[in-house]
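S.K.: My structure is in start.txt, and what it holds is compact mmCIF, C-alpha atoms:
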# COMPACT_ATOMS: atom_id res chain seq x y z
CA MET V 7 -7.09 5.07 12.77
CA PRO V 8 -9.72 7.56 13.90
CA VAL V 9 -13.19 6.06 14.12
CA SER V 10 -16.50 7.65 15.02
CA ARG V 11 -18.29 6.53 18.17
CA ARG V 12 -20.70 3.68 17.77
CA THR V 13 -22.76 1.38 19.93
CA LEU V 14 -20.91 -1.73 21.13
CA PHE V 15 -22.44 -5.14 20.52
CA PRO V 16 -21.27 -8.50 21.88
CA ARG V 17 -18.75 -10.23 19.65
CA PRO V 18 -20.01 -13.43 18.05
CA SER V 19 -18.49 -16.73 19.07
CA LYS V 20 -16.88 -19.00 16.47
CA THR V 21 -19.89 -21.29 16.75
CA ALA V 22 -22.18 -18.37 15.99
CA LEU V 23 -20.02 -17.38 13.04
CA ILE V 24 -20.24 -20.87 11.56
CA SER V 25 -24.01 -20.81 11.97
CA ALA V 26 -24.20 -17.37 10.36
CA ALA V 27 -22.10 -18.54 7.43
CA ALA V 28 -24.36 -21.57 7.00
CA LEU V 29 -27.44 -19.35 7.06
CA VAL V 30 -25.98 -17.06 4.41
CA ALA V 31 -25.17 -20.04 2.21
CA ALA V 32 -28.68 -21.43 2.68
CA CYS V 33 -30.28 -18.10 1.84
CA ALA V 34 -28.13 -17.76 -1.27
CA SER V 35 -29.47 -21.11 -2.47
CA LEU V 36 -33.07 -20.60 -1.44
CA THR V 37 -33.75 -17.12 -2.75
CA ALA V 38 -37.49 -17.56 -2.77
CA ALA V 39 -37.57 -18.58 0.89
CA CYS V 40 -35.10 -16.02 2.20
CA GLY V 41 -35.86 -13.13 -0.11
CA VAL V 42 -32.18 -12.78 -1.05
CA ILE V 43 -30.96 -12.10 -4.56
CA PRO V 44 -27.24 -12.97 -4.67
CA GLY V 45 -24.93 -10.96 -6.93
CA SER V 46 -25.17 -12.39 -10.40
CA ALA V 47 -22.45 -10.40 -12.18
CA GLY V 48 -20.45 -12.58 -14.56
CA GLY V 49 -23.08 -15.25 -15.18
CA SER V 50 -21.58 -15.87 -18.64
CA ARG V 51 -18.27 -14.98 -20.26
CA GLU V 52 -19.98 -12.09 -22.07
CA ASP V 53 -21.04 -10.51 -18.75
CA PRO V 54 -18.53 -8.34 -16.88
CA VAL V 55 -17.54 -9.20 -13.34
CA THR V 56 -18.93 -6.21 -11.44
CA VAL V 57 -17.46 -5.30 -8.05
CA MET V 58 -17.45 -2.23 -5.84
CA THR V 59 -14.65 -0.40 -4.00
CA TRP V 60 -15.37 2.40 -1.54
CA ALA V 61 -13.43 4.83 0.65
CA PRO V 62 -13.90 8.27 2.22
CA GLU V 63 -12.93 11.27 0.11
CA LYS V 64 -12.96 15.03 0.73
CA THR V 65 -13.83 14.77 4.42
CA LYS V 66 -12.42 16.60 7.44
CA ALA V 67 -10.88 13.44 8.90
CA THR V 68 -9.21 10.43 7.23
CA ASN V 69 -9.40 10.31 3.42
CA LYS V 70 -8.34 7.43 1.18
CA PRO V 71 -8.81 8.54 -2.45
CA GLY V 72 -6.00 6.26 -3.60
CA ILE V 73 -8.07 3.15 -2.86
CA PRO V 74 -10.83 3.63 -5.48
CA ALA V 75 -8.27 5.13 -7.88
CA MET V 76 -6.07 2.03 -7.56
CA ALA V 77 -9.10 -0.21 -8.11
CA GLN V 78 -9.93 1.61 -11.35
CA ALA V 79 -6.30 1.44 -12.50
CA TYR V 80 -6.28 -2.29 -11.78
CA ALA V 81 -9.43 -2.77 -13.86
CA ARG V 82 -7.90 -0.90 -16.82
CA TRP V 83 -4.78 -3.04 -16.56
CA VAL V 84 -6.49 -6.41 -16.22
CA ASN V 85 -8.96 -5.61 -19.03
CA ALA V 86 -6.07 -4.65 -21.30
CA ASN V 87 -4.58 -8.08 -20.63
CA GLY V 88 -7.52 -10.40 -21.21
CA GLY V 89 -9.66 -9.61 -18.18
CA LEU V 90 -10.39 -11.93 -15.25
CA ASP V 91 -10.13 -15.36 -16.84
CA GLY V 92 -11.52 -13.89 -20.05
CA ARG V 93 -14.19 -11.68 -18.43
CA LYS V 94 -14.14 -7.90 -18.29
CA LEU V 95 -13.77 -6.40 -14.83
CA LYS V 96 -16.12 -3.52 -14.00
CA VAL V 97 -15.28 -1.50 -10.86
CA VAL V 98 -17.94 0.75 -9.35
CA THR V 99 -16.66 3.21 -6.73
CA CYS V 100 -18.44 4.91 -3.83
CA ASN V 101 -17.59 7.65 -1.33
CA ASP V 102 -18.67 6.63 2.18
CA HIS V 103 -18.09 10.23 3.40
CA ASN V 104 -16.58 8.91 6.66
CA ASP V 105 -19.96 8.49 8.33
CA PRO V 106 -22.32 5.58 9.07
CA VAL V 107 -25.05 6.80 6.72
CA GLY V 108 -22.62 7.09 3.83
CA ALA V 109 -21.19 3.63 4.53
CA ALA V 110 -24.67 2.11 4.61
CA ASP V 111 -25.58 3.93 1.39
CA CYS V 112 -22.53 2.46 -0.37
CA ALA V 113 -23.46 -1.03 0.83
CA ARG V 114 -27.06 -0.64 -0.33
CA LYS V 115 -25.80 0.53 -3.71
CA ALA V 116 -23.64 -2.60 -3.91
CA VAL V 117 -26.69 -4.74 -3.12
CA ASP V 118 -28.90 -2.91 -5.63
CA MET V 119 -26.27 -3.39 -8.34
CA GLU V 120 -25.91 -7.08 -7.41
CA VAL V 121 -22.10 -6.82 -7.37
CA ALA V 122 -20.14 -10.03 -7.05
CA ALA V 123 -17.99 -8.61 -4.21
CA VAL V 124 -16.83 -5.48 -2.45
CA VAL V 125 -13.06 -5.42 -2.87
CA GLY V 126 -10.15 -3.50 -1.31
CA SER V 127 -12.19 -0.84 0.46
CA TYR V 128 -11.85 1.40 3.52
CA SER V 129 -14.55 2.43 5.96
CA GLN V 130 -14.58 3.11 9.68
CA HIS V 131 -18.22 1.97 10.00
CA GLY V 132 -18.17 -1.81 9.82
CA ARG V 133 -21.58 -2.45 11.34
CA SER V 134 -23.23 -0.01 8.91
CA PHE V 135 -21.86 -1.60 5.75
CA LEU V 136 -21.43 -5.26 6.67
CA SER V 137 -25.02 -5.91 7.74
CA PRO V 138 -26.49 -5.14 4.26
CA LEU V 139 -23.72 -7.16 2.61
CA GLU V 140 -24.39 -10.14 4.90
CA VAL V 141 -28.11 -10.13 4.11
CA ALA V 142 -27.35 -10.13 0.37
CA GLY V 143 -24.52 -12.67 0.66
CA ILE V 144 -21.91 -10.33 -0.86
CA PRO V 145 -18.32 -11.05 0.22
CA TYR V 146 -16.09 -8.25 1.53
CA ILE V 147 -12.62 -9.07 0.19
CA GLY V 148 -9.49 -7.40 1.50
CA GLY V 149 -10.86 -4.42 3.39
CA TYR V 150 -8.34 -2.14 5.06
CA GLY V 151 -8.86 -3.77 8.46
CA VAL V 152 -9.83 -0.71 10.47
CA THR V 153 -12.99 -2.09 12.12
CA ASP V 154 -13.62 -5.00 14.48
CA GLU V 155 -16.44 -6.30 12.29
CA GLU V 156 -14.00 -7.02 9.47
CA PHE V 157 -12.47 -9.67 11.73
CA SER V 158 -15.76 -11.20 12.88
CA SER V 159 -18.20 -11.17 9.95
CA PRO V 160 -18.47 -14.53 8.12
CA LEU V 161 -18.63 -12.57 4.85
CA SER V 162 -15.29 -10.79 5.44
CA TYR V 163 -12.04 -12.08 3.93
CA PRO V 164 -9.24 -9.88 5.33
CA VAL V 165 -5.78 -9.90 3.75
CA ASN V 166 -3.88 -8.31 6.64
CA GLY V 167 -4.10 -8.17 10.43
CA GLY V 168 -5.62 -4.69 10.45
CA GLU V 169 -5.14 -2.25 13.28
CA PRO V 170 -4.90 -5.06 15.88
CA ALA V 171 -1.78 -6.57 14.29
CA LEU V 172 -0.18 -3.15 13.71
CA MET V 173 -0.60 -2.05 17.31
CA ALA V 174 0.46 -5.37 18.83
CA GLY V 175 3.44 -5.38 16.49
CA ASN V 176 4.30 -1.79 17.37
CA GLY V 177 4.41 -2.81 21.03
CA ARG V 178 6.76 -5.67 20.18
CA GLN V 179 8.98 -3.34 18.15
CA LEU V 180 9.17 -0.65 20.82
CA ALA V 181 9.68 -3.06 23.72
CA ALA V 182 13.20 -3.74 22.44
CA ARG V 183 14.09 -0.04 22.28
CA CYS V 184 12.12 2.04 24.78
CA GLU V 185 12.14 2.24 28.57
CA ARG V 186 8.66 3.77 28.56
CA VAL V 187 6.09 4.39 25.85
CA SER V 188 3.45 7.10 25.48
CA LEU V 189 0.58 6.31 23.10
CA VAL V 190 -1.36 9.16 21.49
CA ARG V 191 -4.55 7.83 19.95
CA PRO V 192 -8.02 9.02 18.90
CA ASP V 193 -10.62 9.55 21.60
CA THR V 194 -13.11 7.20 19.95
CA ILE V 195 -14.62 3.79 20.62
CA ALA V 196 -12.15 2.10 18.27
CA GLY V 197 -9.35 4.19 19.74
CA ASP V 198 -10.20 2.73 23.14
CA ASP V 199 -8.99 -0.67 21.88
CA LEU V 200 -5.52 0.54 20.90
CA PRO V 201 -3.83 0.72 24.35
CA LYS V 202 -4.56 -2.92 25.20
CA LEU V 203 -3.21 -4.02 21.82
CA LEU V 204 -0.02 -1.98 22.16
CA ASP V 205 0.38 -3.10 25.76
CA ALA V 206 0.10 -6.76 24.75
CA GLY V 207 3.22 -6.30 22.64
CA LEU V 208 5.02 -4.31 25.32
CA THR V 209 4.22 -6.94 27.96
CA GLU V 210 5.63 -9.66 25.75
CA GLY V 211 8.86 -7.65 25.68
CA HIS V 212 8.81 -7.28 29.48
CA ARG V 213 7.91 -3.58 29.47
CA LYS V 214 5.32 -1.71 31.50
CA PRO V 215 2.01 -0.67 29.92
CA SER V 216 1.97 2.52 27.86
CA SER V 217 0.71 5.90 29.01
CA ASP V 218 -2.64 6.36 27.27
CA ILE V 219 -3.16 9.87 25.88
CA ARG V 220 -6.42 10.65 24.09
CA ALA V 221 -6.71 13.19 21.29
CA PRO V 222 -9.64 14.51 19.22
CA GLU V 223 -9.76 12.67 15.90
CA ASP V 224 -10.23 15.92 13.94
CA GLY V 225 -7.93 18.09 16.09
CA THR V 226 -5.80 20.86 14.61
CA ASP V 227 -3.50 21.50 17.58
CA PHE V 228 -2.10 18.74 19.79
CA THR V 229 0.24 20.76 22.01
CA ALA V 230 -1.36 19.53 25.24
CA GLN V 231 -1.12 15.91 24.12
CA ALA V 232 2.48 16.36 22.98
CA GLU V 233 3.45 17.78 26.37
CA GLN V 234 1.81 14.88 28.19
CA ALA V 235 3.44 12.33 25.89
CA LEU V 236 6.94 13.77 26.31
CA GLU V 237 6.62 14.16 30.05
CA ARG V 238 5.47 10.57 30.56
CA ALA V 239 7.98 9.05 28.12
CA GLY V 240 10.96 10.71 29.80
CA THR V 241 14.60 10.03 28.96
CA GLY V 242 15.02 6.82 27.00
CA GLY V 243 11.32 6.66 26.19
CA CYS V 244 9.31 6.65 23.00
CA VAL V 245 6.20 8.45 21.78
CA THR V 246 4.01 6.57 19.32
CA ALA V 247 0.99 8.12 17.60
CA ALA V 248 -1.79 6.37 15.67
CA LEU V 249 -4.02 9.22 14.53
CA GLY V 250 -4.41 8.43 10.85
CA ALA V 251 -4.29 11.57 8.74
CA ARG V 252 -3.87 13.69 11.89
CA THR V 253 -0.61 11.99 12.90
CA ASP V 254 1.51 14.57 11.11
CA THR V 255 -0.50 17.35 12.76
CA PHE V 256 0.34 15.80 16.12
CA TYR V 257 4.04 15.54 15.32
CA ASP V 258 4.02 19.17 14.16
CA SER V 259 2.84 20.12 17.67
CA TYR V 260 5.41 17.70 19.08
CA ARG V 261 8.26 19.39 17.20
CA ARG V 262 7.34 22.77 18.66
CA THR V 263 7.28 21.30 22.16
CA GLU V 264 10.07 18.72 22.40
CA ASP V 265 12.99 21.09 23.17
CA THR V 266 11.76 21.66 26.73
CA TYR V 267 11.52 17.92 27.54
CA PRO V 268 13.93 14.97 27.65
CA THR V 269 14.66 13.49 24.24
CA ALA V 270 12.32 10.71 23.17
CA ARG V 271 12.21 8.59 20.02
CA ILE V 272 9.10 8.74 17.85
CA SER V 273 7.08 5.95 16.32
CA SER V 274 3.88 5.18 14.43
CA VAL V 275 2.23 2.62 12.18
CA LEU V 276 1.95 2.50 8.42
CA GLY V 277 -1.19 4.25 7.33
CA SER V 278 -0.49 7.05 9.78
CA VAL V 279 3.04 7.65 8.48
CA ASP V 280 4.32 6.53 5.07
CA GLN V 281 7.10 7.34 2.62
CA SER V 282 5.20 10.17 0.95
CA LEU V 283 4.77 11.91 4.32
CA VAL V 284 8.47 11.48 5.09
CA ASP V 285 9.28 13.00 1.69
CA ARG V 286 6.92 15.96 2.18
CA THR V 287 8.41 16.80 5.57
CA GLY V 288 12.08 16.94 4.57
CA GLY V 289 13.20 13.36 4.08
CA GLY V 290 16.46 12.64 5.89
CA ASN V 291 16.51 16.16 7.31
CA GLY V 292 12.93 15.98 8.50
CA PRO V 293 11.32 15.09 11.82
CA TYR V 294 10.74 11.43 10.99
CA GLU V 295 14.40 10.53 10.54
CA GLY V 296 15.10 7.63 12.90
CA ALA V 297 11.41 6.94 13.59
CA TYR V 298 10.24 3.36 14.18
CA LEU V 299 7.28 2.19 12.11
CA THR V 300 5.25 -1.02 12.02
CA GLY V 301 3.60 -2.13 8.78
CA TRP V 302 1.77 -5.10 7.28
CA TYR V 303 3.88 -5.54 4.18
CA PRO V 304 7.47 -5.26 2.95
CA ALA V 305 8.89 -1.74 2.65
CA ALA V 306 7.59 0.18 -0.37
CA SER V 307 11.04 0.01 -2.01
CA ASP V 308 10.97 -3.81 -1.97
CA ALA V 309 11.21 -5.49 -5.39
CA ARG V 310 8.08 -7.52 -4.63
CA TRP V 311 6.01 -4.40 -5.34
CA GLY V 312 7.45 -4.22 -8.87
CA GLU V 313 4.34 -5.45 -10.72
CA MET V 314 2.07 -3.06 -8.82
CA ARG V 315 4.38 -0.16 -9.61
CA GLU V 316 4.38 -1.09 -13.29
CA VAL V 317 0.57 -1.20 -13.33
CA ILE V 318 0.46 2.25 -11.72
CA ARG V 319 3.00 3.54 -14.26
CA GLN V 320 0.93 2.18 -17.15
CA GLN V 321 -2.57 2.94 -15.96
CA ALA V 322 -2.35 5.79 -13.42
CA PHE V 323 0.61 7.85 -14.57
CA GLY V 324 0.09 11.42 -13.40
CA ASP V 325 -2.73 10.49 -11.02
CA ASN V 326 -1.35 11.71 -7.70
CA ARG V 327 -4.06 9.87 -5.79
CA VAL V 328 -2.33 6.57 -6.50
CA ASP V 329 0.77 6.52 -4.32
CA PRO V 330 2.56 3.12 -4.38
CA THR V 331 3.89 3.77 -0.86
CA ASP V 332 0.38 4.18 0.59
CA ALA V 333 -0.84 1.24 2.68
CA GLY V 334 -4.38 1.65 1.28
CA VAL V 335 -3.16 1.41 -2.31
CA GLN V 336 -1.03 -1.61 -1.40
CA THR V 337 -3.92 -3.36 0.34
CA THR V 338 -6.18 -2.71 -2.66
CA TRP V 339 -3.59 -4.29 -4.96
CA ILE V 340 -3.49 -7.40 -2.77
CA ALA V 341 -7.30 -7.53 -2.51
CA TYR V 342 -7.67 -7.49 -6.29
CA THR V 343 -4.97 -10.16 -6.53
CA VAL V 344 -7.26 -12.30 -4.35
CA LEU V 345 -10.25 -11.53 -6.60
CA LYS V 346 -8.31 -12.44 -9.75
CA GLN V 347 -7.13 -15.79 -8.40
CA THR V 348 -10.57 -16.58 -7.01
CA VAL V 349 -12.24 -15.96 -10.39
CA GLU V 350 -9.58 -18.04 -12.13
CA SER V 351 -10.20 -20.89 -9.68
CA LEU V 352 -13.79 -21.14 -10.96
CA ASP V 353 -12.37 -22.47 -14.24
CA GLY V 354 -14.79 -20.67 -16.54
CA GLY V 355 -17.86 -21.24 -14.40
CA GLU V 356 -20.36 -18.73 -13.08
CA VAL V 357 -18.84 -15.73 -11.29
CA SER V 358 -21.19 -14.45 -8.59
CA SER V 359 -21.18 -13.58 -4.92
CA ARG V 360 -22.21 -17.16 -4.18
CA THR V 361 -19.46 -18.83 -6.22
CA LEU V 362 -16.77 -16.46 -4.95
CA ARG V 363 -17.78 -17.17 -1.34
CA ARG V 364 -17.82 -20.90 -1.96
CA ALA V 365 -14.32 -20.85 -3.48
CA LEU V 366 -12.93 -18.79 -0.59
CA ASP V 367 -14.67 -20.86 2.07
CA ASP V 368 -13.58 -24.15 0.53
CA GLY V 369 -9.90 -23.46 1.13
CA LEU V 370 -8.62 -21.59 -1.95
CA LYS V 371 -4.97 -20.66 -1.38
CA VAL V 372 -3.93 -17.28 -2.74
CA GLY V 373 -0.31 -16.36 -3.35
CA THR V 374 0.68 -12.68 -3.33
CA GLY V 375 4.26 -12.92 -4.52
CA GLY V 376 5.64 -12.74 -1.00
CA LEU V 377 3.80 -9.56 -0.01
CA THR V 378 1.87 -11.63 2.53
CA PRO V 379 1.97 -15.27 3.55
CA THR V 380 -0.20 -17.56 1.41
CA LEU V 381 -3.77 -16.54 2.21
CA SER V 382 -6.59 -18.98 2.96
CA TRP V 383 -9.84 -18.50 4.87
CA ARG V 384 -10.69 -22.00 6.05
CA PHE V 385 -11.79 -22.24 9.66
CA LYS V 386 -8.52 -23.92 10.64
CA ASP V 387 -6.52 -21.04 9.08
CA MET V 388 -8.06 -18.46 11.41
CA LEU V 389 -6.49 -17.04 14.54
CA ALA V 390 -7.41 -18.63 17.86
CA ALA V 391 -8.47 -15.29 19.33
CA SER V 392 -12.08 -14.65 20.31
CA ASP V 393 -11.82 -10.94 19.46
CA PHE V 394 -10.53 -11.53 15.89
CA PRO V 395 -11.96 -14.86 14.64
CA ARG V 396 -11.65 -14.00 10.91
CA LEU V 397 -7.99 -12.91 11.10
CA VAL V 398 -5.79 -15.20 8.97
CA ASN V 399 -2.64 -13.08 8.51
CA ALA V 400 -0.96 -11.82 11.68
CA ASP V 401 2.38 -10.96 10.06
CA VAL V 402 3.84 -7.47 10.41
CA THR V 403 7.10 -5.82 9.39
CA PHE V 404 9.40 -3.64 11.48
CA GLN V 405 10.65 -0.60 9.58
CA MET V 406 12.44 2.65 10.33
CA VAL V 407 13.31 5.88 8.56
CA ARG V 408 16.99 5.94 7.64
CA ASP V 409 18.44 8.65 5.39
CA GLY V 410 14.91 9.70 4.54
CA ARG V 411 13.78 6.26 3.34
CA LEU V 412 11.58 3.65 4.97
CA VAL V 413 13.78 0.57 5.26
CA PRO V 414 13.49 -2.74 7.13
CA ALA V 415 14.52 -2.52 10.77
CA ARG V 416 14.44 -6.32 10.86
CA LYS V 417 14.49 -8.83 8.04
CA GLY V 418 11.33 -10.66 7.12
CA PHE V 419 7.97 -10.78 8.84
CA VAL V 420 7.17 -10.90 12.54
CA ASN V 421 4.13 -12.97 13.45
CA VAL V 422 2.01 -11.55 16.29
CA SER V 423 -0.59 -14.34 16.49
CA LYS V 424 0.35 -15.34 20.03
CA THR V 425 0.39 -11.68 21.12
CA LEU V 426 -3.15 -11.13 19.81
CA GLU V 427 -4.40 -14.35 21.36
CA ARG V 428 -3.38 -12.99 24.77
CA VAL V 429 -5.31 -9.71 24.36
CA ARG V 430 -8.15 -9.42 26.84
Take the structure I supplied and represent it as structure tokens, if you would.
M.R.:
Amino acid sequence: MPVSRRTLFPRPSKTALISAAALVAACASLTAACGVIPGSAGGSREDPVTVMTWAPEKTKATNKPGIPAMAQAYARWVNANGGLDGRKLKVVTCNDHNDPVGAADCARKAVDMEVAAVVGSYSQHGRSFLSPLEVAGIPYIGGYGVTDEEFSSPLSYPVNGGEPALMAGNGRQLAARCERVSLVRPDTIAGDDLPKLLDAGLTEGHRKPSSDIRAPEDGTDFTAQAEQALERAGTGGCVTAALGARTDTFYDSYRRTEDTYPTARISSVLGSVDQSLVDRTGGGNGPYEGAYLTGWYPAASDARWGEMREVIRQQAFGDNRVDPTDAGVQTTWIAYTVLKQTVESLDGGEVSSRTLRRALDDGLKVGTGGLTPTLSWRFKDMLAASDFPRLVNADVTFQMVRDGRLVPARKGFVNVSKTLERVR
């Protein structure tokens, strides 16, 4: 995913994270001493449970309008069916405009509104939005997983393995099929992390490291990068691109270039390529036929997505922002599933940022109908990797495009925990 440049800060140790979590809990209890006012939405059954969902919209880079639209559709559905354990769900949305100021503004709005949680959101500016949430004690539930901070903040409760799991998994998937791999990725700070993640998976499959090819995150022509990728991949090689919304622009340049180079297979990760993109570009007769893709969840055609599809049919029919094959929409569905079960676990008690955090930290187990493993955020459930201490779900799926449809390339999930623990 393309991410703007930002200043790097040392990653906190697990000890530091525990201390930070304890401090947040103490501040939530001692509001007079710490000056913190925890979210109080849902104090009684008459009060709605107010949460926020944000994502970038109408920008020149990555846009995720389906995320807030799915959140609103979920609220309409759950309220039509008795609410969250009898309480109305109120979803406030915010456009982070794909920049640090916009992300911080959304977080401050969440604090000002005293929301109980930020749920199912997307932003490339983790430090900008997580710091205000941490001060206010507001949990960040089921973010997209595009920033390092989502896997280090004690207030973050991720539902997938984010970009780290996708890239490590992509390396594992390609190692079984490709002699050499060229990686085309954004020339950003976050993009700088992608080669080592991909290479960790390739190394595990006894392949050489990838050729690292940088590209502008808002580029409109990638001919030079396509030529480099094809030349370095060679016969029997693969070209994988992780450029978010610009991935199709890259492969458009690739298609105009590939005839003069040895044939290579193409690859990407879900979020950069999905079923709707395959459909728009010709399906089985299009350029993505035969492509290898790594995702977090079962293929979009899987029956386990049936309830989500029915909710979209009932509550977002005709809203083309809500695409059930989009990884952002899917992640938002899972994030709100976590919220629902967390509220229900409170058994009619107060619903606030403090009580939601306590339930999640105390070992609540959340089932997602097989879309992920059972989710739990106890310390012992977290990955033993210093770079990603909050990561609790390192499962990925291997998919490919066959006859114009994204289908499993391998049954079940592939766990990349050990691969991520070796990343240095």
S.K.: Find the residues near region 279-293 of chain V: any atom within 6 Å, counting all atoms listed in the file, skip ones fewer than 2 places away on the same chain, and give them as a ChimeraX atom specification.
M.R.: /V:276-277,295,331,409-410
S.K.: Report, in Å to a single decimal, how far apart CA of Leu136 (chain V) and CA of Gly149 (chain V) are.
M.R.: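 For CA of Gly149 (chain V) relative to CA of Leu136 (chain V), the distance reads 11.1 Å.
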S.K.: Skipping near chain neighbours, those fewer than 4 positions away, what residues fall within 10 Å of Ala116 (chain V) using only C-alpha atoms, listed as a PDB file with C-alpha atoms, keeping the file's coordinate frame?
M.R.:
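Produced file around38.pdb, reproduced below:
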ATOM      1  CA  GLY V  45     -24.930 -10.960  -6.930  1.00  0.00           C
ATOM      2  CA  THR V  56     -18.930  -6.210 -11.440  1.00  0.00           C
ATOM      3  CA  VAL V  57     -17.460  -5.300  -8.050  1.00  0.00           C
ATOM      4  CA  MET V  58     -17.450  -2.230  -5.840  1.00  0.00           C
ATOM      5  CA  THR V  59     -14.650  -0.400  -4.000  1.00  0.00           C
ATOM      6  CA  TRP V  60     -15.370   2.400  -1.540  1.00  0.00           C
ATOM      7  CA  VAL V  98     -17.940   0.750  -9.350  1.00  0.00           C
ATOM      8  CA  THR V  99     -16.660   3.210  -6.730  1.00  0.00           C
ATOM      9  CA  CYS V 100     -18.440   4.910  -3.830  1.00  0.00           C
ATOM     10  CA  ALA V 110     -24.670   2.110   4.610  1.00  0.00           C
ATOM     11  CA  ASP V 111     -25.580   3.930   1.390  1.00  0.00           C
ATOM     12  CA  CYS V 112     -22.530   2.460  -0.370  1.00  0.00           C
ATOM     13  CA  GLU V 120     -25.910  -7.080  -7.410  1.00  0.00           C
ATOM     14  CA  VAL V 121     -22.100  -6.820  -7.370  1.00  0.00           C
ATOM     15  CA  ALA V 122     -20.140 -10.030  -7.050  1.00  0.00           C
ATOM     16  CA  ALA V 123     -17.990  -8.610  -4.210  1.00  0.00           C
ATOM     17  CA  VAL V 124     -16.830  -5.480  -2.450  1.00  0.00           C
ATOM     18  CA  PHE V 135     -21.860  -1.600   5.750  1.00  0.00           C
ATOM     19  CA  PRO V 138     -26.490  -5.140   4.260  1.00  0.00           C
ATOM     20  CA  LEU V 139     -23.720  -7.160   2.610  1.00  0.00           C
ATOM     21  CA  ALA V 142     -27.350 -10.130   0.370  1.00  0.00           C
ATOM     22  CA  ILE V 144     -21.910 -10.330  -0.860  1.00  0.00           C
TER      23      ILE V 144
END
S.K.: Using all atoms listed in the file, which of the listed residues (V:Ser382, V:Gln347, V:Thr361, V:Thr246) sits closest to Asp91 (chain V)?
M.R.: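 Looking at the shortest contact to Asp91 (chain V), the residue is V:Gln347.
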S.K.: Counting only C-alpha atoms, which residues come within 12 Å of (-5.7, -24.0, 9.2), with the point read in the file's coordinates, and could you list them as a PyMOL selection string?
M.R.: chain V and resi 367-371+380-390+396-399
S.K.: If I take CA of Gly167 (chain V) and CA of Ala400 (chain V), how far is one from the other in Å, to one decimal?
M.R.: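 About the pair CA of Gly167 (chain V) and CA of Ala400 (chain V): they are 5.0 Å apart.
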S.K.: Please compute the CA of Arg191 (chain V)-CA of Ala75 (chain V) distance, one decimal, in Å.
M.R.: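 Distance between the two atoms: 28.2 Å.
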S.K.: Adding 4 Å on each side of the box along x, y and z that holds all listed atoms of region 367-386 of chain V, could you give its centre and edge lengths in Å to one decimal, as AutoDock Vina command-line options?
M.R.:
--center_x -4.5 --center_y -16.9 --center_z 3.1 --size_x 28.3 --size_y 22.6 --size_z 23.2
S.K.: Excluding Leu236 (chain V) and residues on its chain fewer than 5 positions from it, collect all residues at most 9 Å away from it, counting only C-alpha atoms, and give them as a ChimeraX atom specification.
M.R.: /V:188,231,241,243-245,260,263-264,267-270
S.K.: Please dump the current selection as a PDB file, in the frame of the given file; keep C-alpha atoms.
M.R.:
ATOM      1  CA  SER V 188       3.450   7.100  25.480  1.00  0.00           C
ATOM      2  CA  GLN V 231      -1.120  15.910  24.120  1.00  0.00           C
ATOM      3  CA  THR V 241      14.600  10.030  28.960  1.00  0.00           C
ATOM      4  CA  GLY V 243      11.320   6.660  26.190  1.00  0.00           C
ATOM      5  CA  CYS V 244       9.310   6.650  23.000  1.00  0.00           C
ATOM      6  CA  VAL V 245       6.200   8.450  21.780  1.00  0.00           C
ATOM      7  CA  TYR V 260       5.410  17.700  19.080  1.00  0.00           C
ATOM      8  CA  THR V 263       7.280  21.300  22.160  1.00  0.00           C
ATOM      9  CA  GLU V 264      10.070  18.720  22.400  1.00  0.00           C
ATOM     10  CA  TYR V 267      11.520  17.920  27.540  1.00  0.00           C
ATOM     11  CA  PRO V 268      13.930  14.970  27.650  1.00  0.00           C
ATOM     12  CA  THR V 269      14.660  13.490  24.240  1.00  0.00           C
ATOM     13  CA  ALA V 270      12.320  10.710  23.170  1.00  0.00           C
TER      14      ALA V 270
END
S.K.: Counting only C-alpha atoms, give me one row per residue of region 242-298 of chain V with an atom at most 8 Å from an atom of region 174-182 of chain V, showing the shortest contact pair and its distance in Å to one decimal, sorted by chain then residue number, as JSON lines.
M.R.:
{"residue": "V:Cys244", "atom": "CA", "partner": "V:Leu180", "partner_atom": "CA", "distance": 7.6}
{"residue": "V:Ser274", "atom": "CA", "partner": "V:Asn176", "partner_atom": "CA", "distance": 7.6}
{"residue": "V:Val275", "atom": "CA", "partner": "V:Asn176", "partner_atom": "CA", "distance": 7.1}
{"residue": "V:Tyr298", "atom": "CA", "partner": "V:Leu180", "partner_atom": "CA", "distance": 7.8}
S.K.: Nearest residue to Gln234 (chain V) out of V:Ser358, V:Asn104, V:Ser217, V:Gln320, using all atoms listed in the file?
M.R.: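 Closest to Gln234 (chain V), using all atoms listed in the file: V:Ser217.
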S.K.: Around the point (-1.4, -11.8, 20.0), in the coordinates given by the file, pick out the residues reaching within 12 Å, counting only C-alpha atoms, and return them as a VMD selection string.
M.R.: chain V and resid 167 170 to 178 202 to 210 389 to 394 397 399 to 402 420 to 430
S.K.: With only C-alpha atoms as the counted atoms, please give the residues lying no more than 7 Å from Phe404 (chain V), apart from itself and same-chain residues fewer than 3 positions off, as a PyMOL selection string.
M.R.: chain V and resi 179+299-301+414-416
S.K.: For the residues in the current selection, export C-alpha atoms as a short mmCIF file (atom, residue, chain, number, x, y, z; two decimals), in the frame of the given file.
M.R.:
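Once written, again_8.cif looks like this:
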data_model
loop_
_atom_site.label_atom_id
_atom_site.label_comp_id
_atom_site.auth_asym_id
_atom_site.auth_seq_id
_atom_site.Cartn_x
_atom_site.Cartn_y
_atom_site.Cartn_z
CA GLN V 179 8.98 -3.34 18.15
CA LEU V 299 7.28 2.19 12.11
CA THR V 300 5.25 -1.02 12.02
CA GLY V 301 3.60 -2.13 8.78
CA PRO V 414 13.49 -2.74 7.13
CA ALA V 415 14.52 -2.52 10.77
CA ARG V 416 14.44 -6.32 10.86
#
